[in-house]
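Report on the structure given below.
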Amino acid sequence: MSEKKMVILDGNEAAASVAYRLTEVVAIYPITPSSPMAEWADQWRSEGKKNIWGALPIVEELQSEGGASGALHGALQAGAFGTTFTASQGLLLMIPNMYKIAGELTPATMHVTARTLATHALSIFGDHSDVMACRSTGWAMLASNSVQEVADMALVAQIATLESRIPFMHFFDGFRTSHEVDKIYPISDETIRALLDDKYIIQYRQNALCPDRPFIRGTAQNPDVFFQAREACSPFHAAVPGIVQKVMDRFAKETGRAYHLFDYYGAKDAERVIILMGSGAEAAEEAVDALTQKGEKLGVLKVRLYKPFDASAFVAALPKTVKSIAVLDRCKDPGASGEPLYMDVMTVLGENAAKLPFAKMPTVVGGRYGLSSKEFTPAMVKGIFDELAKPAPKNHFTIGINDDVSMSSLTYDPAFSTEDAKTVRALFYGLGSDGTVGANKNSIKIIGEQTPNFAQGYFVYDSKKSGSMTTSHLRFGPNPIRSTYLITRASFVACHNFSFLEKMNVVEAAMPGAVFLLNSPYPAAEVWDKLPKTTQAEILRKKIEFYVIDGNDVARKTGMGTRINTIMQTCFFAISGVLPREEAIEQIKKAIKKTFGRRGDEVVAKNFAAVDATLAHLEKVKLPAAVSSRFDLIPPISPKAPKFVRDVLGEIAGGHGDQIPVSAIPAGGAFPSATAQWEKRNIAQFIPVWDKDLCIQCGKCVMVCPHAVIRAKVYPESLAKNAPATLQWAKPKWKGMEQDRYTLQLAPEDCTGCAVCVEACPVKNKSDASKKAINMVPQQPLREVERANWEYFLNIPEIDRSKLSHGQVKDLQLLQPLFEFSGACAGCGETPYIKLLTQLFGDRLYIANATGCSSIYGGNLPTTPYASNAQGRGPAWSNSLFEDNAEFGFGMRIALDQQKEFAELLVTRLSGSIGDELAKGLLGAAQNTETEVNQQRERVRALKEKLTGNKSSDARNLLAIADTLVRKSVWILGGDGWAFDIGFGGLDHVLGSGKNVNVLVLDTEVYSNTGGQMSKATPRGAVAKFAASGKTNSRKDLAMEAVSYGSVYVAQVALGGNDSHVVKAFQEAEAHNGPSIIIAYSSCIAHGYDLVHGLEQQKLAVQSGYWPLMRYNPALREEGKNPFQLDSKAPAIRLKEYAYREARYTMLARGNPELAAHLLKEAQDDVERQWRVYSARAAMPGRGETPNIAPAEKPEDKPEQKLAAEAAGGAE
Amino acid sequence: MIDFSTKYLGMDLKSPVVVSSTPLSEPIENVRRMEDCGAAAIVLHSLFEEQLALESRALDDDLSRGTDSFPESLDYLPDLKDYRMTHEAYLEHVRQCKKAVKIPILGSLNGVTPGGWVRYAKDMEKAGVDAIELNTYALATDKNHTSADMEGQLLKLVAEVTSAVKVPVSVKLSQWFTSLPYLVGQLEAAGARGVVLFNRFYQPDFDIETLEVRPTLHFSKPSELLPRLHWAAILYGHVKLDIAITGGVHSAEDVLKSIMAGGSTVLMASALHIYGIEHIKRVLDDMRYWLEKREYKSLNETRGCLSRRSVPDTSAFDRGNYIKTLSSYSLRQTVGAF
């Protein structure tokens, strides 16, 4: 065995480590959960890590997975060893090239983190629907079930493809395996070399295209030969199983780890067998172990090489005693006779019926499990085995859900547990970004590396990007760990955030006698009464050992800020006794040095200080005899919410979504709007309060608030009669409204505490310059009062919109936002633009949303932010995919246009019964202003009244589409990853279509949602994922590309640069009767600075000339003006003064100062070059962009003149 | 040929014109140009310990922000294999300078913690600096902090650094000490080989429109030279350590005054920003012209000639601005006659 020392890593790193070493070209594109594999490859390349042949692999990001597969195909044709990593819809985009690569018998490997395909909803989690969609591409499909197997099968796949000439898809379960951290034996270079045979490498090179020995590949064939040629590959596919088994055997010889095409595990005389592949097989093995020990005759057959499916190996692997079989698929194939693996098994058994070694043909049923990472536990496995024992087991069953609609689900006993008593199980509840997950990863490393224990870590995150809870599931013990499911019974529970106690029973999963560690602002003597009744009762009932520490206080005092990771980690080691205390502390410090050493001595020193200060503050709580609390847990969703929100979304928000039956969930994916308002998250420690006397009512705070938690209303005094005494107001600073009241109110429980509003406030207290008209104060003391104020405020009617100027920032604050309380990051730079959009046009808005941050905070359950107004109108929102969003919105537009046209036809036809005047009004309505739109709404209301009761087909049809007679706005939203890269082809087409759609590009200059990978919007010199050494090319000028059409309205805006300009651009884009595009600078957490400074950064971006504000309005051409308007001043500061406030730039200056200096210089040149182009364009006089350059038309070119001349007899 | 050579911190310098801490000496080609133009030595820009701590924290904060919150984006920036923190870059710069030029290179250090002062001084010595200038600055903002405390702290750190390194150490002082002669005497006892008069700091300026306080630092003006001359003239002869003058030295005349006040060297920065690095050459040429015209043989002859010890009437030094203000302007005109 060449590998002796075990290492701690996750599935993605395990796969990437092998793939990278056996690759020359890596074509990548980000998609969760596979992105870390590509990130590793990019990082290793930037660090100069060599492949097994001693060369540096090339790692290149493409514009989409389609592009990545095309590049891979090209690289393979040209003779380089290539790989790629992907998942889900990304894999589907590769399918066309997969057919080609396999059809051409080209060795290649891709590593897939199997992920759910978006159907009724997107899901980033794991199942096999993506890989199963590739069954017929001709790629071999090899599954691994654990992190160790990922490393092992990655190598088997890479070797077997070379020897078989069949490309291999190696897949493992997204998140469960890709992100699970395990202690494994790594694959050494020696093992790789031992398995690699030069003969195949040389053969591969010889098959490549080369002009020195030319041939062509990729011909077009006709009916005469295509079929035969297609069949010619059969022997290669037939040889794959034998080759794979041989590689596995050689691998076993090298490493001692033996694998087979099908691995059976369980009783030799098993009568009931479950067949499956992927991580679920590990849980199944665990269940089989427990049940066979009790004498049950059971087993599990693990499918490793799924394609080509080796029938004889399969049959041979099954015990001859088998009587009933359940084939489990982690996907759904609606309408099929069964899911894919089941169908394969049925086919094999059916085809071989005559020669099967079983006494009797076994009963075979198929079942679905684990879709979208739904838990799959030994208890469910037992449930399936129990079903198999029945005389007629249910076929096409589901397990793990309650399907009370189609009655497909099997019941099982969730209390059945197979957890190894010797395995320690620990659960940690942390707040995202507090360092809990990182500390736990370090803890696993310490335990895994410093003790003989096996160790496993799995991390669960919630659906919000800010203020989210993380749950770390840690197992460690003397026996190998196969538990590929969450911990539900823990011997150690730690709650790192006291506020979690309000809504959840944090000790629910604690076992009797477990240890509970709480980060508490209250000392041991006071904490008890601060716990809810339920939690107190549970602690007493389970006789839990209870410890507290004020981790936040220790963190503050030791310079750790809000990061309590080191402190809580030290407590864990101190209490759990996994290692002797002194040794644990030494190891923690060692880990700190390793993790943070690169970031400077200060960071190491403060972490050390935190470790040293911790133990003195750790206290054990003496438990009282009885429950004494005066309060209990509060529901995650307001009890005032509508029933569906309370009963269904509330259950999801409370962490009980798994228990919701099928009948309660809407089929088809439609959910009610305006639900975020019911989920009070209370995540801000500090919230802004209004100084009404200082405030000038400019509305800037309302404008910039990313979460729509600051709102303003002007209302008559009469509406304030029952207002709480604490509701503040001032005299409105609007002409004609002086007698009313103006209130600026905060939603205290929805605020994220980002403080961007305070930054935006232009007013300072004349006596104390540290105070503004809005200031941050602790939330807790204000929560109750402000909650009452907010509730009262919400009930104050909205102002008459026609009284306001919709182009003024000041007036806009009074327009109701229909996008509120999203789960976006605190300080998000995108959401203010969306909020503005809904304020302006929300009641007639269709939104087509590209996948990305905006689709996640816009549409991730449980609650969603798009809302509706008092009339029940609000944005109609949908997300199709990533790549197709422009086309998706385009489709909406043409559908609306078509329906409107049809409605107009029907109005004409029905004008008799409707009345001519109304019909005329409906057909001829100008709908350029909001007032005109409202007038049309009134006509449509009248129309509907008239049509009601009219039974004619035309009338009923018109009633169904009458609303389309009212102007509708289609806005296409997405990030730069979509607009600049994957969706650019479609976007370009739609811009060129002339249709009246508006595009809003929320440009963060990286793929924010997947963790900050480079896009073509990424600026030169910035570090991003996939550009770990800094981006070397300049950013694409999308605005100018759009300008090139001449007919597209284009604007480049930045809220922090000029807020009025943003509003103007939105209004003009909406008014433009044709395509429009707004490119909006969006500050992002991925830029590497505190987003409280987001607006300032935007201002500097504009001042430096990096982000010129511009508008291109084709309408101006008609007025004889230059459509191109440059709306910002010439650069006043150097690029460096803007850029070097962001870590994405400065980290390169630290990592590679010479390169950083070089790129900065080039980036400064980019700015200057762009400015010259923009300013020259803006300086063109009048119709400058279309001057009379072409020679004047000659008379003979004008047929009408010629004809006229002929008619006059003047022709020759 | 006039002999410009001078001794500073035990080093033989070919002239008294030394380049003071300035970003101009960051590019190596500038360092070479400085030598070519006749700079006798270069004091590199300061290494600020406080800044090192800040940048370490900032890097950690920036890389940690938003991490491990959302399953699709567990972090946002790649963590690079290595970061060249400012002190590493600084030490590398020292090594590059030493390779590039023959003239002495002085490190400049502004520490915060006692450990930091010593550690970075040792690192600089190891990187090859010829001497270290301690850029000291402490502002009392606490009413319990006495002037004796502040002087005591300064002396302690000087003693710690001078005992930790073998290279000579000078101390750049702020001009707001009450009894400079006493303090400088104590610094000498603590092991300092020279004092630099005086530090110039960023000063908070007020923007009364935006109600903001902004740190500002303007280029020095020749008028700032006067208090430096004043204190050099007082100190000269009373202490054995070398006196360097910095702040307001713009012309040959300013250099000559500084030497006549008792300075061993002058440290120039602002003038180089204003007039370019070649200005060093002009200053030296002008000095040569002035001295030759008056038949001096060496610059050393002039040293301290106008110090308090040497002038017949010390009232101009002792009574400050009161009586002699007007006449000193007329004095200036006569001294300035080329």
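Ligands are numbered from 1 in the order shown, residues from 1 within each chain, and chains are lettered A, B, ... in the order they appear in the structure tokens.
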Inset, instruction - Write out as a ChimeraX atom specification every residue belonging to chain A that has an atom at most 7 Å from any atom of chain B, counting only C-alpha atoms. - result: /A:32-33,47,432-433,437,461-465,468,470,598-600,602-603,769,1009-1012,1024-1025,1028,1085-1086,1088-1089,1143,1150-1151
Keeping C-alpha atoms for every residue in the selection just given, could you write it to a file as a short mmCIF file (atom, residue, chain, number, x, y, z; two decimals), in the first residue's frame?
```cif
data_model
loop_
_atom_site.label_atom_id
_atom_site.label_comp_id
_atom_site.auth_asym_id
_atom_site.auth_seq_id
_atom_site.Cartn_x
_atom_site.Cartn_y
_atom_site.Cartn_z
CA THR A 32 -23.16 24.23 -7.32
CA PRO A 33 -22.16 21.87 -5.80
CA GLU A 47 0.11 27.89 -7.13
CA GLY A 432 -23.39 32.14 9.26
CA SER A 433 -20.06 33.93 9.21
CA VAL A 437 -18.26 25.91 10.40
CA TYR A 461 -27.00 25.98 5.86
CA ASP A 462 -30.32 27.70 5.64
CA SER A 463 -31.92 29.40 2.68
CA LYS A 464 -31.06 33.03 3.50
CA LYS A 465 -27.81 34.71 2.61
CA SER A 468 -28.52 32.43 8.44
CA THR A 470 -25.55 26.82 10.17
CA ARG A 598 -0.69 33.62 6.02
CA ARG A 599 -2.96 36.47 7.00
CA GLY A 600 -0.45 37.98 9.37
CA GLU A 602 -2.01 39.91 14.31
CA VAL A 603 -4.74 37.48 13.32
CA ALA A 769 -21.08 65.51 13.91
CA ASN A 1009 -24.40 33.29 -6.07
CA THR A 1010 -21.96 30.47 -6.62
CA GLY A 1011 -19.25 32.15 -4.58
CA GLY A 1012 -17.57 34.81 -6.66
CA ALA A 1024 -11.92 36.14 -8.23
CA LYS A 1025 -12.52 32.44 -8.12
CA ALA A 1028 -6.95 33.31 -8.41
CA ILE A 1085 -19.83 40.87 -0.57
CA ALA A 1086 -17.56 39.13 -3.08
CA GLY A 1088 -14.06 42.03 -0.21
CA TYR A 1089 -15.04 44.99 1.93
CA ALA A 1143 -9.76 43.03 -1.09
CA ARG A 1150 -0.13 41.12 -1.43
CA GLY A 1151 -0.03 37.79 -3.20
#
```
Legend entry - For A:Ala1132: contacts at 12 Å, only C-alpha atoms, fewer than 6 positions along chain excluded, given as a ChimeraX atom specification: /A:1099-1106,1108,1138,1167-1168,1171
So that I have them on file, write out the residues from the current selection with C-alpha atoms, as an mmCIF file, in the first residue's frame.
```
data_model
loop_
_atom_site.group_PDB
_atom_site.id
_atom_site.type_symbol
_atom_site.label_atom_id
_atom_site.label_comp_id
_atom_site.auth_asym_id
_atom_site.auth_seq_id
_atom_site.Cartn_x
_atom_site.Cartn_y
_atom_site.Cartn_z
ATOM 1 C CA LYS A 1099 -19.147 56.911 -5.972
ATOM 2 C CA LEU A 1100 -15.419 56.300 -6.249
ATOM 3 C CA ALA A 1101 -15.959 53.908 -9.151
ATOM 4 C CA VAL A 1102 -17.714 56.728 -10.979
ATOM 5 C CA GLN A 1103 -15.206 59.380 -9.939
ATOM 6 C CA SER A 1104 -12.296 57.276 -11.124
ATOM 7 C CA GLY A 1105 -13.920 56.905 -14.533
ATOM 8 C CA TYR A 1106 -14.022 53.162 -14.081
ATOM 9 C CA PRO A 1108 -18.942 56.072 -16.384
ATOM 10 C CA TYR A 1138 -11.155 53.269 -5.850
ATOM 11 C CA VAL A 1167 -10.315 53.331 -17.852
ATOM 12 C CA GLU A 1168 -8.697 56.046 -19.866
ATOM 13 C CA TRP A 1171 -13.361 57.355 -21.200
#
```
Inset, instruction - List every residue of stretch 49-151 of chain A that DSSP, applied to the backbone of this structure, places in alpha helix (DSSP H), and write the result as JSON, numbers by chain. - result: {"A": [65, 66, 67, 68, 69, 70, 71, 72, 73, 74, 75, 76, 77, 88, 89, 90, 91, 92, 93, 94, 95, 96, 97, 98, 99, 100, 101, 102, 103, 129, 130, 131, 132, 147, 148, 149, 150, 151]}
Inset, instruction - Name all residues at most 10 Å from B:His279 (count only C-alpha atoms; drop same-chain ones fewer than 3 positions away) and give them as number ranges by chain. - result: B: 34, 37-38, 250-251, 271-276, 282-285
May I have the residues from that selection written out with N, CA and C atoms, as a PDB file, in the first residue's frame?
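The resulting out21.pdb:
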```
ATOM      1  N   MET B  34      18.592  58.643  -6.940  1.00  0.00           N
ATOM      2  CA  MET B  34      18.969  59.429  -5.761  1.00  0.00           C
ATOM      3  C   MET B  34      20.475  59.340  -5.536  1.00  0.00           C
ATOM      4  N   CYS B  37      22.300  61.270  -8.151  1.00  0.00           N
ATOM      5  CA  CYS B  37      22.200  62.722  -7.971  1.00  0.00           C
ATOM      6  C   CYS B  37      22.976  63.213  -6.754  1.00  0.00           C
ATOM      7  N   GLY B  38      23.566  62.302  -6.031  1.00  0.00           N
ATOM      8  CA  GLY B  38      24.437  62.732  -4.945  1.00  0.00           C
ATOM      9  C   GLY B  38      23.896  62.557  -3.550  1.00  0.00           C
ATOM     10  N   HIS B 250      14.817  72.897   1.834  1.00  0.00           N
ATOM     11  CA  HIS B 250      14.479  72.901   0.411  1.00  0.00           C
ATOM     12  C   HIS B 250      15.633  73.343  -0.475  1.00  0.00           C
ATOM     13  N   SER B 251      16.534  74.139   0.101  1.00  0.00           N
ATOM     14  CA  SER B 251      17.557  74.735  -0.767  1.00  0.00           C
ATOM     15  C   SER B 251      18.941  74.556  -0.150  1.00  0.00           C
ATOM     16  N   ALA B 271      10.973  68.710  -0.851  1.00  0.00           N
ATOM     17  CA  ALA B 271      11.605  69.418  -1.972  1.00  0.00           C
ATOM     18  C   ALA B 271      11.796  68.489  -3.162  1.00  0.00           C
ATOM     19  N   LEU B 272      12.037  67.212  -2.869  1.00  0.00           N
ATOM     20  CA  LEU B 272      12.223  66.265  -3.966  1.00  0.00           C
ATOM     21  C   LEU B 272      10.898  65.992  -4.676  1.00  0.00           C
ATOM     22  N   HIS B 273       9.818  66.028  -3.884  1.00  0.00           N
ATOM     23  CA  HIS B 273       8.502  65.866  -4.506  1.00  0.00           C
ATOM     24  C   HIS B 273       8.199  67.063  -5.401  1.00  0.00           C
ATOM     25  N   ILE B 274       8.569  68.247  -4.887  1.00  0.00           N
ATOM     26  CA  ILE B 274       8.212  69.472  -5.623  1.00  0.00           C
ATOM     27  C   ILE B 274       9.106  69.654  -6.844  1.00  0.00           C
ATOM     28  N   TYR B 275      10.415  69.471  -6.636  1.00  0.00           N
ATOM     29  CA  TYR B 275      11.373  69.827  -7.718  1.00  0.00           C
ATOM     30  C   TYR B 275      11.970  68.600  -8.421  1.00  0.00           C
ATOM     31  N   GLY B 276      11.680  67.419  -7.906  1.00  0.00           N
ATOM     32  CA  GLY B 276      12.236  66.222  -8.540  1.00  0.00           C
ATOM     33  C   GLY B 276      13.509  65.759  -7.841  1.00  0.00           C
ATOM     34  N   ARG B 282      21.253  69.899  -7.680  1.00  0.00           N
ATOM     35  CA  ARG B 282      21.248  71.362  -7.701  1.00  0.00           C
ATOM     36  C   ARG B 282      21.648  71.923  -6.345  1.00  0.00           C
ATOM     37  N   VAL B 283      21.091  71.317  -5.293  1.00  0.00           N
ATOM     38  CA  VAL B 283      21.388  71.790  -3.937  1.00  0.00           C
ATOM     39  C   VAL B 283      22.887  71.666  -3.655  1.00  0.00           C
ATOM     40  N   LEU B 284      23.420  70.499  -4.029  1.00  0.00           N
ATOM     41  CA  LEU B 284      24.849  70.288  -3.772  1.00  0.00           C
ATOM     42  C   LEU B 284      25.697  71.279  -4.582  1.00  0.00           C
ATOM     43  N   ASP B 285      25.286  71.489  -5.842  1.00  0.00           N
ATOM     44  CA  ASP B 285      26.029  72.447  -6.694  1.00  0.00           C
ATOM     45  C   ASP B 285      25.971  73.855  -6.106  1.00  0.00           C
TER      46      ASP B 285
END
```
Inset, instruction - Would you kindly return, as a PyMOL selection string, each protein, DNA or RNA residue with an atom no farther than 9 Å from any atom of B:Asn300, considering only C-alpha atoms and excluding same-chain residues fewer than 6 positions away? - result: chain B and resi 3-6+259+264
Inset, instruction - Excluding B:Ala127 and residues on its chain fewer than 6 positions from it, collect all residues at most 7 Å away from it, counting only C-alpha atoms, and give them as a ChimeraX atom specification. - result: /B:91,94-95
The selected residues should be written to file as a short mmCIF file (atom, residue, chain, number, x, y, z; two decimals), in the first residue's frame (atoms: all heavy atoms).
```cif
data_model
loop_
_atom_site.label_atom_id
_atom_site.label_comp_id
_atom_site.auth_asym_id
_atom_site.auth_seq_id
_atom_site.Cartn_x
_atom_site.Cartn_y
_atom_site.Cartn_z
N LEU B 91 11.06 44.54 3.93
CA LEU B 91 12.39 43.94 4.10
C LEU B 91 12.98 43.57 2.74
O LEU B 91 14.18 43.71 2.51
CB LEU B 91 12.30 42.72 5.01
CG LEU B 91 11.80 43.03 6.43
CD1 LEU B 91 11.59 41.75 7.23
CD2 LEU B 91 12.76 43.96 7.16
N VAL B 94 14.36 46.62 1.29
CA VAL B 94 15.67 46.93 1.88
C VAL B 94 16.75 46.14 1.14
O VAL B 94 17.78 46.69 0.72
CB VAL B 94 15.69 46.59 3.39
CG1 VAL B 94 17.12 46.66 3.93
CG2 VAL B 94 14.77 47.52 4.17
N ARG B 95 16.49 44.87 0.97
CA ARG B 95 17.49 44.02 0.31
C ARG B 95 17.75 44.50 -1.12
O ARG B 95 18.90 44.55 -1.57
CB ARG B 95 17.01 42.55 0.31
CG ARG B 95 17.12 41.89 1.69
CD ARG B 95 16.82 40.40 1.62
NE ARG B 95 15.41 40.12 1.57
CZ ARG B 95 14.63 39.92 2.65
NH1 ARG B 95 15.16 39.93 3.86
NH2 ARG B 95 13.36 39.69 2.52
#
```
Legend entry - Within 12 Å of A:Phe492 using only C-alpha atoms, minus same-chain residues under 6 positions, as a PyMOL selection string: chain A and resi 423-429+472-476+506-518+544-547+571-573+575-578
Inset, instruction - Using only C-alpha atoms, determine which residues lie at most 9 Å from stretch 689-698 of chain A, disregarding the query and same-chain residues fewer than 2 positions distant; provide the list as a PyMOL selection string. - result: chain A and resi 687+700-702+712+728-730+732-733+742-746+761-765+772-777+809-811+813
Selection from above, N, CA, C and O atoms, as a short mmCIF file (atom, residue, chain, number, x, y, z; two decimals), in the first residue's frame, can you write it?
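Ended up saving to again38.cif:
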```cif
data_model
loop_
_atom_site.label_atom_id
_atom_site.label_comp_id
_atom_site.auth_asym_id
_atom_site.auth_seq_id
_atom_site.Cartn_x
_atom_site.Cartn_y
_atom_site.Cartn_z
N ILE A 687 -30.17 48.58 14.93
CA ILE A 687 -31.10 49.04 13.90
C ILE A 687 -31.09 50.58 13.87
O ILE A 687 -30.72 51.21 14.86
N LYS A 700 -33.24 59.47 0.78
CA LYS A 700 -32.10 58.67 0.35
C LYS A 700 -32.00 57.35 1.13
O LYS A 700 -31.65 56.31 0.59
N CYS A 701 -32.31 57.40 2.42
CA CYS A 701 -32.24 56.18 3.23
C CYS A 701 -33.24 55.15 2.72
O CYS A 701 -32.94 53.96 2.65
N VAL A 702 -34.41 55.62 2.34
CA VAL A 702 -35.44 54.71 1.83
C VAL A 702 -34.96 54.11 0.50
O VAL A 702 -35.09 52.92 0.25
N ALA A 712 -41.37 55.53 4.21
CA ALA A 712 -41.91 56.84 4.57
C ALA A 712 -43.35 56.93 4.09
O ALA A 712 -43.71 56.36 3.06
N GLN A 728 -43.38 58.35 15.67
CA GLN A 728 -42.86 59.70 15.46
C GLN A 728 -43.36 60.29 14.14
O GLN A 728 -43.64 59.56 13.19
N TRP A 729 -43.43 61.59 14.08
CA TRP A 729 -43.80 62.24 12.83
C TRP A 729 -43.21 63.64 12.77
O TRP A 729 -42.82 64.20 13.79
N ALA A 730 -43.16 64.15 11.59
CA ALA A 730 -42.69 65.52 11.39
C ALA A 730 -43.58 66.16 10.33
O ALA A 730 -44.36 65.47 9.67
N PRO A 732 -44.47 67.37 6.85
CA PRO A 732 -43.93 67.02 5.54
C PRO A 732 -43.29 68.22 4.86
O PRO A 732 -43.82 69.32 4.95
N LYS A 733 -42.19 67.97 4.19
CA LYS A 733 -41.52 69.05 3.46
C LYS A 733 -41.90 68.96 1.98
O LYS A 733 -41.05 68.86 1.11
N TYR A 742 -45.61 63.42 8.31
CA TYR A 742 -44.60 62.60 7.62
C TYR A 742 -43.98 61.68 8.66
O TYR A 742 -43.54 62.13 9.72
N THR A 743 -43.99 60.39 8.36
CA THR A 743 -43.34 59.44 9.29
C THR A 743 -42.36 58.59 8.51
O THR A 743 -42.67 58.07 7.43
N LEU A 744 -41.18 58.47 9.07
CA LEU A 744 -40.18 57.55 8.52
C LEU A 744 -40.12 56.39 9.52
O LEU A 744 -39.77 56.60 10.69
N GLN A 745 -40.50 55.22 9.07
CA GLN A 745 -40.63 54.11 10.02
C GLN A 745 -39.76 52.93 9.61
O GLN A 745 -39.61 52.63 8.43
N LEU A 746 -39.23 52.26 10.61
CA LEU A 746 -38.38 51.09 10.39
C LEU A 746 -39.12 49.82 10.76
O LEU A 746 -39.88 49.80 11.74
N CYS A 761 -27.33 58.87 4.60
CA CYS A 761 -27.94 60.07 5.15
C CYS A 761 -26.99 61.27 4.99
O CYS A 761 -25.84 61.22 5.43
N PRO A 762 -27.47 62.34 4.35
CA PRO A 762 -26.57 63.45 4.08
C PRO A 762 -26.52 64.49 5.21
O PRO A 762 -25.76 65.44 5.13
N VAL A 763 -27.32 64.27 6.24
CA VAL A 763 -27.44 65.30 7.27
C VAL A 763 -26.62 64.93 8.50
O VAL A 763 -26.57 63.78 8.89
N LYS A 764 -26.01 65.98 9.08
CA LYS A 764 -25.29 65.75 10.33
C LYS A 764 -25.82 66.65 11.40
O LYS A 764 -26.21 67.79 11.12
N ASN A 765 -25.78 66.15 12.60
CA ASN A 765 -26.20 66.95 13.75
C ASN A 765 -25.20 68.10 13.92
O ASN A 765 -23.99 67.87 14.02
N LYS A 772 -26.34 61.47 12.76
CA LYS A 772 -27.03 61.86 11.53
C LYS A 772 -28.52 61.88 11.79
O LYS A 772 -28.96 61.68 12.92
N ALA A 773 -29.29 62.03 10.73
CA ALA A 773 -30.74 62.04 10.90
C ALA A 773 -31.28 60.62 11.07
O ALA A 773 -32.46 60.42 11.29
N ILE A 774 -30.39 59.66 10.89
CA ILE A 774 -30.75 58.27 11.16
C ILE A 774 -29.50 57.61 11.74
O ILE A 774 -28.40 57.79 11.22
N ASN A 775 -29.65 56.91 12.87
CA ASN A 775 -28.49 56.42 13.61
C ASN A 775 -28.74 55.01 14.12
O ASN A 775 -29.87 54.65 14.43
N MET A 776 -27.66 54.23 14.20
CA MET A 776 -27.80 52.84 14.64
C MET A 776 -27.82 52.76 16.17
O MET A 776 -26.98 53.37 16.84
N VAL A 777 -28.77 51.98 16.69
CA VAL A 777 -28.87 51.74 18.14
C VAL A 777 -29.20 50.26 18.36
O VAL A 777 -29.67 49.59 17.44
N VAL A 809 -36.09 61.43 -6.37
CA VAL A 809 -35.72 60.52 -5.29
C VAL A 809 -36.56 60.84 -4.05
O VAL A 809 -37.04 59.95 -3.35
N LYS A 810 -36.75 62.12 -3.81
CA LYS A 810 -37.49 62.53 -2.61
C LYS A 810 -38.92 61.98 -2.64
O LYS A 810 -39.43 61.47 -1.64
N ASP A 811 -39.57 62.07 -3.79
CA ASP A 811 -40.95 61.60 -3.88
C ASP A 811 -41.05 60.08 -3.88
O ASP A 811 -42.01 59.50 -3.39
N GLN A 813 -39.67 57.95 -2.16
CA GLN A 813 -39.73 57.30 -0.86
C GLN A 813 -41.17 57.00 -0.44
O GLN A 813 -41.42 56.16 0.41
#
```
Inset, instruction - Run DSSP on the backbone and grab whatever in stretch 774-928 of chain A lands in strand (DSSP E or B); send it over as JSON, numbers by chain. - result: {"A": [774, 775, 776, 777, 778, 819, 845, 846, 847, 848, 849, 866, 876, 877, 878]}
Legend entry - Pick from A:Glu932, A:Arg941, A:Val709, A:Gln808 nearest to A:Thr831, counting only C-alpha atoms: A:Val709
Legend entry - Which residue of B:Ala131, B:Val311, B:Val255, B:Leu235 approaches B:Tyr8 most closely, using only C-alpha atoms: B:Ala131
Legend entry - Residue nearest A:Glu449 among A:Arg176, A:Lys1064, A:Lys183, A:Lys593 (counting only C-alpha atoms): A:Lys183
Inset, instruction - To one decimal in Å, tell me the separation between atom CA of A:Gly823 and atom CA of A:Ser466. - result: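 Here the two named atoms are 6.1 Å from each other.
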Inset, instruction - Please indicate the distance in Å from atom CA of A:Phe1124 to atom CA of A:Ala1065, rounded to one decimal place. - result: 12.7 Å
Legend entry - Given only C-alpha atoms as the counted atoms, nearest of A:Arg272, A:Arg939, A:Lys622, A:His260 to A:Glu387: A:Arg272
